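K.L.:
The file below is protein-v4.cif, mmCIF, C-alpha atoms and all ligand atoms:
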data_input
#
loop_
_atom_site.group_PDB
_atom_site.id
_atom_site.type_symbol
_atom_site.label_atom_id
_atom_site.label_comp_id
_atom_site.auth_asym_id
_atom_site.auth_seq_id
_atom_site.Cartn_x
_atom_site.Cartn_y
_atom_site.Cartn_z
ATOM 1 C CA MET N 64 68.087 38.984 -149.713
ATOM 2 C CA ARG N 65 65.607 38.194 -146.908
ATOM 3 C CA ASN N 66 63.166 40.784 -145.691
ATOM 4 C CA SER N 67 64.035 43.252 -148.432
ATOM 5 C CA ARG N 68 60.471 44.585 -148.572
ATOM 6 C CA ILE N 69 59.523 44.595 -144.896
ATOM 7 C CA ASP N 70 61.162 45.622 -141.631
ATOM 8 C CA VAL N 71 60.747 42.889 -138.969
ATOM 9 C CA ARG N 72 61.535 43.753 -135.335
ATOM 10 C CA PRO N 73 61.235 41.000 -132.665
ATOM 11 C CA ILE N 74 59.460 42.067 -129.471
ATOM 12 C CA SER N 75 60.699 39.360 -127.084
ATOM 13 C CA GLY N 76 62.945 36.342 -126.732
ATOM 14 C CA ALA N 77 59.932 34.007 -126.768
ATOM 15 C CA GLY N 78 58.343 35.197 -130.006
ATOM 16 C CA GLY N 79 56.371 37.938 -131.687
ATOM 17 C CA ALA N 80 57.647 40.564 -134.110
ATOM 18 C CA GLU N 81 56.376 43.933 -135.241
ATOM 19 C CA ILE N 82 56.409 44.492 -138.983
ATOM 20 C CA PHE N 83 56.957 47.965 -140.383
ATOM 21 C CA GLY N 84 56.835 49.189 -143.954
ATOM 22 C CA VAL N 85 53.593 47.438 -144.934
ATOM 23 C CA ASP N 86 50.227 49.050 -145.681
ATOM 24 C CA VAL N 87 47.882 46.114 -145.102
ATOM 25 C CA ALA N 88 45.044 47.926 -146.912
ATOM 26 C CA GLN N 89 46.905 47.516 -150.224
ATOM 27 C CA ASP N 90 46.767 44.528 -152.558
ATOM 28 C CA LEU N 91 50.163 43.194 -151.468
ATOM 29 C CA ASP N 92 52.473 41.562 -154.003
ATOM 30 C CA ASP N 93 53.584 37.923 -153.642
ATOM 31 C CA GLY N 94 57.074 38.876 -152.519
ATOM 32 C CA THR N 95 55.780 40.944 -149.600
ATOM 33 C CA VAL N 96 53.262 38.249 -148.650
ATOM 34 C CA GLY N 97 56.055 35.659 -148.748
ATOM 35 C CA GLU N 98 58.163 37.745 -146.385
ATOM 36 C CA ILE N 99 55.248 38.185 -143.964
ATOM 37 C CA ARG N 100 54.702 34.419 -144.041
ATOM 38 C CA ASP N 101 58.415 33.836 -143.341
ATOM 39 C CA ALA N 102 58.221 36.256 -140.397
ATOM 40 C CA LEU N 103 55.115 34.471 -139.074
ATOM 41 C CA ASN N 104 56.863 31.109 -139.300
ATOM 42 C CA GLU N 105 59.906 32.459 -137.516
ATOM 43 C CA HIS N 106 58.236 34.566 -134.803
ATOM 44 C CA CYS N 107 54.841 32.766 -134.440
ATOM 45 C CA VAL N 108 52.898 36.058 -134.239
ATOM 46 C CA VAL N 109 53.381 39.242 -136.256
ATOM 47 C CA PHE N 110 52.011 42.676 -135.437
ATOM 48 C CA PHE N 111 51.289 45.757 -137.499
ATOM 49 C CA ARG N 112 50.579 49.268 -136.233
ATOM 50 C CA ASP N 113 48.526 52.217 -137.454
ATOM 51 C CA GLN N 114 46.590 50.340 -140.127
ATOM 52 C CA GLU N 115 43.253 51.398 -141.605
ATOM 53 C CA ILE N 116 41.476 48.422 -143.126
ATOM 54 C CA ASP N 117 37.826 47.931 -143.952
ATOM 55 C CA VAL N 118 36.185 44.487 -144.058
ATOM 56 C CA ALA N 119 36.991 43.902 -147.740
ATOM 57 C CA GLN N 120 40.663 44.821 -147.238
ATOM 58 C CA HIS N 121 40.835 42.645 -144.126
ATOM 59 C CA LYS N 122 39.442 39.685 -146.112
ATOM 60 C CA ARG N 123 41.781 40.303 -149.046
ATOM 61 C CA PHE N 124 44.797 40.338 -146.707
ATOM 62 C CA ALA N 125 43.628 37.113 -145.002
ATOM 63 C CA ARG N 126 43.112 35.365 -148.352
ATOM 64 C CA LYS N 127 46.756 35.977 -149.233
ATOM 65 C CA PHE N 128 47.553 33.296 -146.614
ATOM 66 C CA GLY N 129 44.755 30.792 -147.243
ATOM 67 C CA GLU N 130 41.006 30.422 -147.485
ATOM 68 C CA ILE N 131 38.813 32.171 -144.925
ATOM 69 C CA PHE N 132 37.730 29.810 -142.151
ATOM 70 C CA ILE N 133 34.040 29.865 -141.240
ATOM 71 C CA HIS N 134 33.647 29.460 -137.480
ATOM 72 C CA PRO N 135 30.839 26.954 -136.799
ATOM 73 C CA ASN N 136 29.744 28.649 -133.571
ATOM 74 C CA PHE N 137 29.774 32.225 -134.857
ATOM 75 C CA ALA N 138 28.754 31.853 -138.514
ATOM 76 C CA THR N 139 25.003 31.953 -137.853
ATOM 77 C CA VAL N 140 25.084 34.653 -135.174
ATOM 78 C CA MET N 141 27.368 37.155 -136.923
ATOM 79 C CA GLU N 142 26.219 39.470 -139.698
ATOM 80 C CA ASP N 143 28.976 38.181 -141.989
ATOM 81 C CA PRO N 144 29.877 34.485 -141.502
ATOM 82 C CA GLU N 145 33.480 35.181 -142.562
ATOM 83 C CA VAL N 146 33.988 37.802 -139.864
ATOM 84 C CA VAL N 147 33.778 37.630 -136.074
ATOM 85 C CA MET N 148 33.252 40.930 -134.291
ATOM 86 C CA VAL N 149 34.900 40.415 -130.905
ATOM 87 C CA ARG N 150 33.152 42.866 -128.586
ATOM 88 C CA ARG N 151 33.556 43.421 -124.881
ATOM 89 C CA GLU N 152 31.464 45.908 -122.941
ATOM 90 C CA PRO N 153 32.048 47.196 -119.393
ATOM 91 C CA GLY N 154 30.506 44.709 -116.970
ATOM 92 C CA ASP N 155 30.891 41.644 -119.205
ATOM 93 C CA LEU N 156 31.753 38.664 -116.993
ATOM 94 C CA SER N 157 32.755 36.450 -119.905
ATOM 95 C CA TYR N 158 34.325 37.261 -123.267
ATOM 96 C CA VAL N 159 35.994 35.716 -126.303
ATOM 97 C CA GLY N 160 39.485 34.420 -125.555
ATOM 98 C CA GLU N 161 39.268 34.517 -121.765
ATOM 99 C CA ASP N 162 41.261 31.278 -121.252
ATOM 100 C CA TRP N 163 44.594 30.178 -122.681
ATOM 101 C CA HIS N 164 43.632 28.586 -125.980
ATOM 102 C CA THR N 165 44.380 27.814 -129.578
ATOM 103 C CA ASP N 166 41.430 28.696 -131.805
ATOM 104 C CA THR N 167 38.648 26.295 -132.685
ATOM 105 C CA THR N 168 40.618 23.080 -132.097
ATOM 106 C CA MET N 169 37.437 21.006 -131.783
ATOM 107 C CA CYS N 170 37.337 21.039 -135.594
ATOM 108 C CA ALA N 171 38.950 18.241 -137.600
ATOM 109 C CA GLU N 172 40.939 20.877 -139.486
ATOM 110 C CA PRO N 173 41.448 23.808 -137.109
ATOM 111 C CA PRO N 174 42.324 27.190 -138.608
ATOM 112 C CA MET N 175 45.970 27.857 -139.402
ATOM 113 C CA GLY N 176 45.826 31.368 -137.972
ATOM 114 C CA ALA N 177 43.806 34.465 -137.239
ATOM 115 C CA ILE N 178 44.105 38.143 -138.031
ATOM 116 C CA LEU N 179 42.691 40.418 -135.323
ATOM 117 C CA TYR N 180 42.227 44.148 -135.951
ATOM 118 C CA GLY N 181 41.784 46.750 -133.231
ATOM 119 C CA ILE N 182 38.806 49.055 -133.873
ATOM 120 C CA ASP N 183 37.909 50.437 -130.447
ATOM 121 C CA VAL N 184 40.733 49.857 -128.019
ATOM 122 C CA PRO N 185 40.870 50.858 -124.338
ATOM 123 C CA PRO N 186 43.529 53.422 -123.317
ATOM 124 C CA TYR N 187 45.077 50.688 -121.188
ATOM 125 C CA GLY N 188 44.234 47.061 -120.395
ATOM 126 C CA GLY N 189 42.925 44.372 -122.720
ATOM 127 C CA ASP N 190 46.332 43.206 -123.915
ATOM 128 C CA THR N 191 46.669 39.819 -125.591
ATOM 129 C CA MET N 192 49.283 37.336 -124.385
ATOM 130 C CA PHE N 193 50.763 34.574 -126.513
ATOM 131 C CA ALA N 194 52.714 31.444 -125.567
ATOM 132 C CA ASN N 195 55.194 29.792 -127.901
ATOM 133 C CA GLN N 196 54.376 26.081 -128.012
ATOM 134 C CA TYR N 197 57.625 25.105 -129.745
ATOM 135 C CA LEU N 198 59.486 26.349 -126.671
ATOM 136 C CA ALA N 199 57.005 24.581 -124.397
ATOM 137 C CA TYR N 200 57.660 21.292 -126.191
ATOM 138 C CA ASP N 201 61.429 21.776 -126.353
ATOM 139 C CA ALA N 202 61.581 22.321 -122.567
ATOM 140 C CA LEU N 203 59.997 18.938 -121.736
ATOM 141 C CA SER N 204 62.216 16.111 -120.509
ATOM 142 C CA PRO N 205 63.111 13.316 -122.952
ATOM 143 C CA THR N 206 60.985 10.978 -120.791
ATOM 144 C CA MET N 207 57.896 13.197 -121.066
ATOM 145 C CA LYS N 208 58.471 13.612 -124.811
ATOM 146 C CA LYS N 209 58.553 9.830 -125.146
ATOM 147 C CA LEU N 210 55.317 9.473 -123.159
ATOM 148 C CA LEU N 211 53.549 12.055 -125.343
ATOM 149 C CA ASP N 212 54.790 10.591 -128.609
ATOM 150 C CA GLY N 213 51.743 9.108 -130.365
ATOM 151 C CA LEU N 214 49.226 10.254 -127.705
ATOM 152 C CA ARG N 215 46.091 12.007 -128.909
ATOM 153 C CA ALA N 216 43.936 14.489 -127.003
ATOM 154 C CA VAL N 217 40.180 14.920 -127.261
ATOM 155 C CA HIS N 218 38.997 18.422 -128.264
ATOM 156 C CA SER N 219 35.380 19.584 -127.904
ATOM 157 C CA ASP N 220 33.385 22.820 -127.865
ATOM 158 C CA ILE N 221 31.026 21.506 -125.168
ATOM 159 C CA GLY N 222 32.194 24.091 -122.633
ATOM 160 C CA ILE N 223 32.285 26.992 -125.085
ATOM 161 C CA ALA N 224 29.102 27.007 -127.173
ATOM 162 C CA GLY N 225 25.619 25.498 -127.147
ATOM 163 C CA PRO N 226 22.899 26.013 -124.535
ATOM 164 C CA GLN N 227 24.725 23.972 -121.851
ATOM 165 C CA ALA N 228 27.784 26.261 -121.908
ATOM 166 C CA SER N 229 25.625 29.081 -120.450
ATOM 167 C CA ARG N 230 28.101 31.758 -121.479
ATOM 168 C CA ASN N 231 25.964 34.079 -123.581
ATOM 169 C CA LYS N 232 24.133 35.776 -120.749
ATOM 170 C CA LEU N 233 27.500 36.882 -119.366
ATOM 171 C CA ARG N 234 28.946 38.413 -122.493
ATOM 172 C CA SER N 235 28.354 40.772 -125.409
ATOM 173 C CA THR N 236 29.803 38.545 -128.130
ATOM 174 C CA LYS N 237 27.341 35.687 -128.405
ATOM 175 C CA ASN N 238 28.126 32.141 -129.463
ATOM 176 C CA ARG N 239 25.630 29.848 -131.100
ATOM 177 C CA ASP N 240 23.474 28.465 -128.246
ATOM 178 C CA ASP N 241 20.215 27.304 -129.862
ATOM 179 C CA GLU N 242 18.690 23.886 -129.147
ATOM 180 C CA GLY N 243 19.771 22.688 -132.608
ATOM 181 C CA TRP N 244 23.437 23.164 -131.713
ATOM 182 C CA ARG N 245 25.517 19.955 -131.670
ATOM 183 C CA GLU N 246 28.912 19.369 -130.111
ATOM 184 C CA THR N 247 31.922 19.144 -132.433
ATOM 185 C CA ARG N 248 34.515 16.689 -131.138
ATOM 186 C CA ASN N 249 37.773 15.473 -132.666
ATOM 187 C CA THR N 250 41.096 14.100 -131.529
ATOM 188 C CA HIS N 251 44.491 15.593 -132.377
ATOM 189 C CA PRO N 252 48.059 14.606 -131.577
ATOM 190 C CA ILE N 253 49.278 16.167 -128.316
ATOM 191 C CA VAL N 254 52.510 16.973 -130.103
ATOM 192 C CA ARG N 255 52.040 18.217 -133.635
ATOM 193 C CA THR N 256 54.522 19.213 -136.305
ATOM 194 C CA ASN N 257 54.043 22.488 -138.117
ATOM 195 C CA PRO N 258 54.300 21.394 -141.762
ATOM 196 C CA GLU N 259 55.817 24.727 -142.789
ATOM 197 C CA THR N 260 58.649 24.791 -140.251
ATOM 198 C CA GLY N 261 59.026 21.076 -139.509
ATOM 199 C CA ARG N 262 59.154 21.942 -135.790
ATOM 200 C CA LYS N 263 57.264 20.042 -133.092
ATOM 201 C CA CYS N 264 55.058 21.831 -130.592
ATOM 202 C CA LEU N 265 52.541 21.126 -127.829
ATOM 203 C CA PHE N 266 48.946 21.201 -129.065
ATOM 204 C CA VAL N 267 46.538 21.212 -126.100
ATOM 205 C CA ASN N 268 44.550 24.132 -124.687
ATOM 206 C CA ALA N 269 42.256 24.996 -121.790
ATOM 207 C CA SER N 270 39.205 25.966 -123.861
ATOM 208 C CA TYR N 271 38.804 22.871 -126.001
ATOM 209 C CA THR N 272 40.969 19.973 -124.778
ATOM 210 C CA ILE N 273 38.881 17.769 -122.496
ATOM 211 C CA GLY N 274 40.779 14.488 -122.190
ATOM 212 C CA ILE N 275 43.374 12.107 -123.529
ATOM 213 C CA GLU N 276 42.499 9.170 -125.721
ATOM 214 C CA GLY N 277 43.076 5.786 -124.045
ATOM 215 C CA MET N 278 43.389 7.247 -120.527
ATOM 216 C CA THR N 279 40.868 7.388 -117.705
ATOM 217 C CA ALA N 280 39.377 10.803 -116.964
ATOM 218 C CA ALA N 281 41.582 11.086 -113.849
ATOM 219 C CA GLU N 282 44.775 10.102 -115.687
ATOM 220 C CA GLY N 283 43.996 12.421 -118.578
ATOM 221 C CA LYS N 284 43.200 15.314 -116.249
ATOM 222 C CA ALA N 285 46.447 14.933 -114.302
ATOM 223 C CA LEU N 286 48.564 14.925 -117.458
ATOM 224 C CA LEU N 287 46.563 17.690 -119.112
ATOM 225 C CA ASP N 288 46.702 19.902 -116.003
ATOM 226 C CA PHE N 289 50.478 19.682 -116.131
ATOM 227 C CA LEU N 290 50.743 20.293 -119.889
ATOM 228 C CA LEU N 291 48.305 23.219 -119.860
ATOM 229 C CA GLU N 292 50.154 25.024 -117.050
ATOM 230 C CA HIS N 293 53.551 24.182 -118.490
ATOM 231 C CA GLY N 294 52.524 25.546 -121.894
ATOM 232 C CA HIS N 295 52.308 29.127 -120.661
ATOM 233 C CA ARG N 296 55.251 29.332 -118.312
ATOM 234 C CA PRO N 297 56.332 32.996 -118.318
ATOM 235 C CA GLU N 298 59.484 32.365 -120.321
ATOM 236 C CA PHE N 299 57.419 31.028 -123.250
ATOM 237 C CA THR N 300 55.122 34.079 -123.354
ATOM 238 C CA PHE N 301 55.017 37.515 -124.919
ATOM 239 C CA ARG N 302 52.436 40.266 -124.694
ATOM 240 C CA PHE N 303 50.913 42.708 -127.157
ATOM 241 C CA ARG N 304 49.584 46.109 -126.147
ATOM 242 C CA TRP N 305 46.831 47.193 -128.505
ATOM 243 C CA GLN N 306 46.234 50.573 -130.080
ATOM 244 C CA LYS N 307 43.499 51.548 -132.493
ATOM 245 C CA GLY N 308 44.604 50.295 -135.916
ATOM 246 C CA SER N 309 46.863 47.527 -134.556
ATOM 247 C CA ILE N 310 46.793 44.083 -136.122
ATOM 248 C CA ALA N 311 47.905 40.792 -134.572
ATOM 249 C CA PHE N 312 48.314 37.840 -136.935
ATOM 250 C CA TRP N 313 48.982 34.627 -135.023
ATOM 251 C CA ASP N 314 49.949 31.137 -136.082
ATOM 252 C CA ASN N 315 47.583 28.678 -134.405
ATOM 253 C CA ARG N 316 49.923 25.806 -135.227
ATOM 254 C CA SER N 317 52.611 27.015 -132.852
ATOM 255 C CA THR N 318 50.972 29.244 -130.215
ATOM 256 C CA LYS N 319 48.296 29.594 -127.556
ATOM 257 C CA HIS N 320 46.888 32.971 -126.574
ATOM 258 C CA ILE N 321 44.703 34.654 -123.960
ATOM 259 C CA ALA N 322 42.861 37.993 -123.983
ATOM 260 C CA LEU N 323 43.383 39.716 -120.633
ATOM 261 C CA GLY N 324 40.295 40.718 -118.663
ATOM 262 C CA ASP N 325 41.456 44.070 -117.279
ATOM 263 C CA THR N 326 39.460 46.406 -119.524
ATOM 264 C CA GLY N 327 37.431 47.686 -116.557
ATOM 265 C CA PRO N 328 35.178 50.583 -117.605
ATOM 266 C CA PHE N 329 36.249 50.516 -121.251
ATOM 267 C CA ARG N 330 34.718 49.017 -124.343
ATOM 268 C CA ARG N 331 36.933 46.865 -126.571
ATOM 269 C CA LEU N 332 35.968 46.070 -130.160
ATOM 270 C CA MET N 333 38.029 43.977 -132.558
ATOM 271 C CA ARG N 334 37.407 42.394 -135.949
ATOM 272 C CA ARG N 335 38.704 38.849 -136.469
ATOM 273 C CA ILE N 336 39.135 36.767 -139.603
ATOM 274 C CA GLN N 337 40.446 33.222 -139.335
ATOM 275 C CA ILE N 338 42.472 31.435 -141.992
ATOM 276 C CA GLY N 339 41.760 27.795 -142.823
ATOM 277 C CA GLY N 340 43.275 25.276 -145.163
ATOM 278 C CA ALA N 341 45.869 24.052 -142.673
ATOM 279 C CA GLY N 342 44.724 20.431 -142.956
ATOM 280 C CA VAL N 343 44.519 17.819 -140.238
ATOM 281 C CA PRO N 344 47.139 18.338 -137.495
ATOM 282 C CA ALA N 345 49.847 15.651 -137.636
HETATM 283 C C1 LIG G 401 40.659 35.575 -129.616
HETATM 284 O O1 LIG G 401 40.940 34.734 -128.786
HETATM 285 O O2 LIG G 401 40.478 35.295 -130.787
HETATM 286 C C2 LIG G 401 40.534 37.013 -129.195
HETATM 287 C C3 LIG G 401 41.792 37.555 -128.659
HETATM 288 C C4 LIG G 401 41.641 38.968 -128.182
HETATM 289 O O3 LIG G 401 40.540 39.516 -128.217
HETATM 290 O O4 LIG G 401 42.653 39.550 -127.771
#
For this file, write the structure as structure tokens.
P.N.:
Amino acid sequence: MRNSRIDVRPISGAGGAEIFGVDVAQDLDDGTVGEIRDALNEHCVVFFRDQEIDVAQHKRFARKFGEIFIHPNFATVMEDPEVVMVRREPGDLSYVGEDWHTDTTMCAEPPMGAILYGIDVPPYGGDTMFANQYLAYDALSPTMKKLLDGLRAVHSDIGIAGPQASRNKLRSTKNRDDEGWRETRNTHPIVRTNPETGRKCLFVNASYTIGIEGMTAAEGKALLDFLLEHGHRPEFTFRFRWQKGSIAFWDNRSTKHIALGDTGPFRRLMRRIQIGGAGVPA
């Protein structure tokens, strides 16, 4: 019987489900992990409430789903290269996740997912929104699907990290920005297939996608502008309101997300671990 160990409750028609009956701090058995993975594949993002996990427990939970992904632009600036502390202080003009994005897609093998844990959460504001990229793809016309078939987009971290990005002075969570930093650039299919579900989805995002292979800059921009806006039409989105002890575990192969900037006078502190091993998008 499915979901015999966990209680999965969808939060919207577009995706996302809260999971009850799991203490993430425990060394979970394979059956429970399998059911969480099934829920992730079905709902694209899963949420847990009222969890108390330290760094070691957070890492152990992440490793149940794959190897820990080391973020090239945070590894040398964070205390622990496997962990990104996502911190926002009142007055920050820039912060991690401020644009609609899928994580770290400039890498040849972007992370499969991320597990974000709420440590210091504002009483209101600072929600995270997600957009289901299966739905975004499904809603395209057959003609647009045909055009996109076989097209590859260029992904780069040129606007996000390194000295030229000039973001660090605006924000509390610093990226690598030393003179030795080098751009990471790769191409990925605009439409990818999630190998676990076999479903196709759009795979472009505002933070990292900078052009389309084989097109002029103007052509690529026009098509990308459309795809980026289309990808987060309201009917593809769902929204998570954080509390201390909440966890969001998202599938980067089927979603985009954005952290909302309405934290005003409040601090917001989260701990993030990314999961790798997803291979080259195809
Ligand atoms: C992220 O994009 O990884 C951070 C999301 C958030 O802080 O809500």
K.L.:
One number please: atom CA of Lys319 of chain N to atom CA of Ala194 of chain N, in Å, one decimal.
P.N.:
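Separation of atom CA of Lys319 of chain N and atom CA of Ala194 of chain N: 5.2 Å.
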K.L.:
Please extract the residues at most 8 Å from ligand LIG 401 (chain G), counting only C-alpha atoms and all ligand atoms, and provide them as a list in words, using the chain letters and residue numbers of this document.
P.N.:
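Based on only C-alpha atoms and all ligand atoms, ligand LIG 401 (chain G) is surrounded within 8 Å by Val149, Val159, Gly160, Glu161, His164, Thr165, Asp166, Ala177, Leu179, Gly189, Asp190, Thr191, Met192, His320, Ile321, Ala322, Leu323, Met333 and Arg335 of chain N.
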K.L.:
For the file shown, what are the residues hit by the PyMOL selection byres (((chain N and resi 122-132) around 6) and not hetatm), laid out as a PDB file with C-alpha atoms, in the frame of the given file?
P.N.:
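Writing the result to out25.pdb gives the following:
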ATOM      1  CA  ALA N 119      36.991  43.902-147.740  1.00  0.00           C
ATOM      2  CA  GLN N 120      40.663  44.821-147.238  1.00  0.00           C
ATOM      3  CA  HIS N 121      40.835  42.645-144.126  1.00  0.00           C
ATOM      4  CA  ILE N 133      34.040  29.865-141.240  1.00  0.00           C
ATOM      5  CA  GLN N 337      40.446  33.222-139.335  1.00  0.00           C
ATOM      6  CA  ILE N 338      42.472  31.435-141.992  1.00  0.00           C
ATOM      7  CA  GLY N 339      41.760  27.795-142.823  1.00  0.00           C
TER       8      GLY N 339
END
K.L.:
Using the chain letters and numbers from the file, give me the residues hit by the PyMOL selection byres (((chain N and resi 287-298) around 7) and not hetatm), as a compact mmCIF listing (two decimals) with C-alpha atoms, in the coordinates of the input.
P.N.:
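Just written: selection.txt:
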# COMPACT_ATOMS: atom_id res chain seq x y z
CA ALA N 77 59.93 34.01 -126.77
CA ALA N 194 52.71 31.44 -125.57
CA GLN N 196 54.38 26.08 -128.01
CA ALA N 199 57.00 24.58 -124.40
CA VAL N 267 46.54 21.21 -126.10
CA ASN N 268 44.55 24.13 -124.69
CA ALA N 269 42.26 25.00 -121.79
CA GLY N 283 44.00 12.42 -118.58
CA LYS N 284 43.20 15.31 -116.25
CA ALA N 285 46.45 14.93 -114.30
CA LEU N 286 48.56 14.92 -117.46
CA PHE N 299 57.42 31.03 -123.25
CA THR N 300 55.12 34.08 -123.35
K.L.:
Given the file above and the PyMOL selection byres (((chain N and resi 218) around 8) and not hetatm), which residues are selected, and can you give them as a list of chain:residue names?
P.N.:
N:Thr168, N:Met169, N:Cys170, N:Ala216, N:Val217, N:Ser219, N:Asp220, N:Arg248, N:Asn249, N:Thr250, N:His251, N:Tyr271, N:Thr272, N:Ile273, N:Gly274
K.L.:
What does the distance from atom CA of Glu81 of chain N to atom CA of Glu172 of chain N come to in Å, to one decimal?
P.N.:
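So the two atoms, atom CA of Glu81 of chain N and atom CA of Glu172 of chain N, lie 28.1 Å apart.
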K.L.:
For each of N:Thr95, N:Thr326, N:Ser157, N:Gln89, take the minimum atom-to-atom distance to Arg234 of chain N, counting only C-alpha atoms, then give the residue where this is smallest.
P.N.:
N:Ser157
K.L.:
Could you tell me how far atom CA of Ser67 of chain N lies from atom CA of Val118 of chain N, in Å and to one decimal?
P.N.:
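We find that atom CA of Ser67 of chain N and atom CA of Val118 of chain N lie 28.2 Å from each other.
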K.L.:
Would you compute, for all listed atoms of segment 157-171 of chain N, the axis-aligned bounding box grown by 6 Å on each side, and then report its centre and edge lengths in Å rounded to one decimal, as AutoDock Vina command-line options?
P.N.:
--center_x 38.7 --center_y 27.8 --center_z -128.8 --size_x 23.8 --size_y 31.0 --size_z 29.7
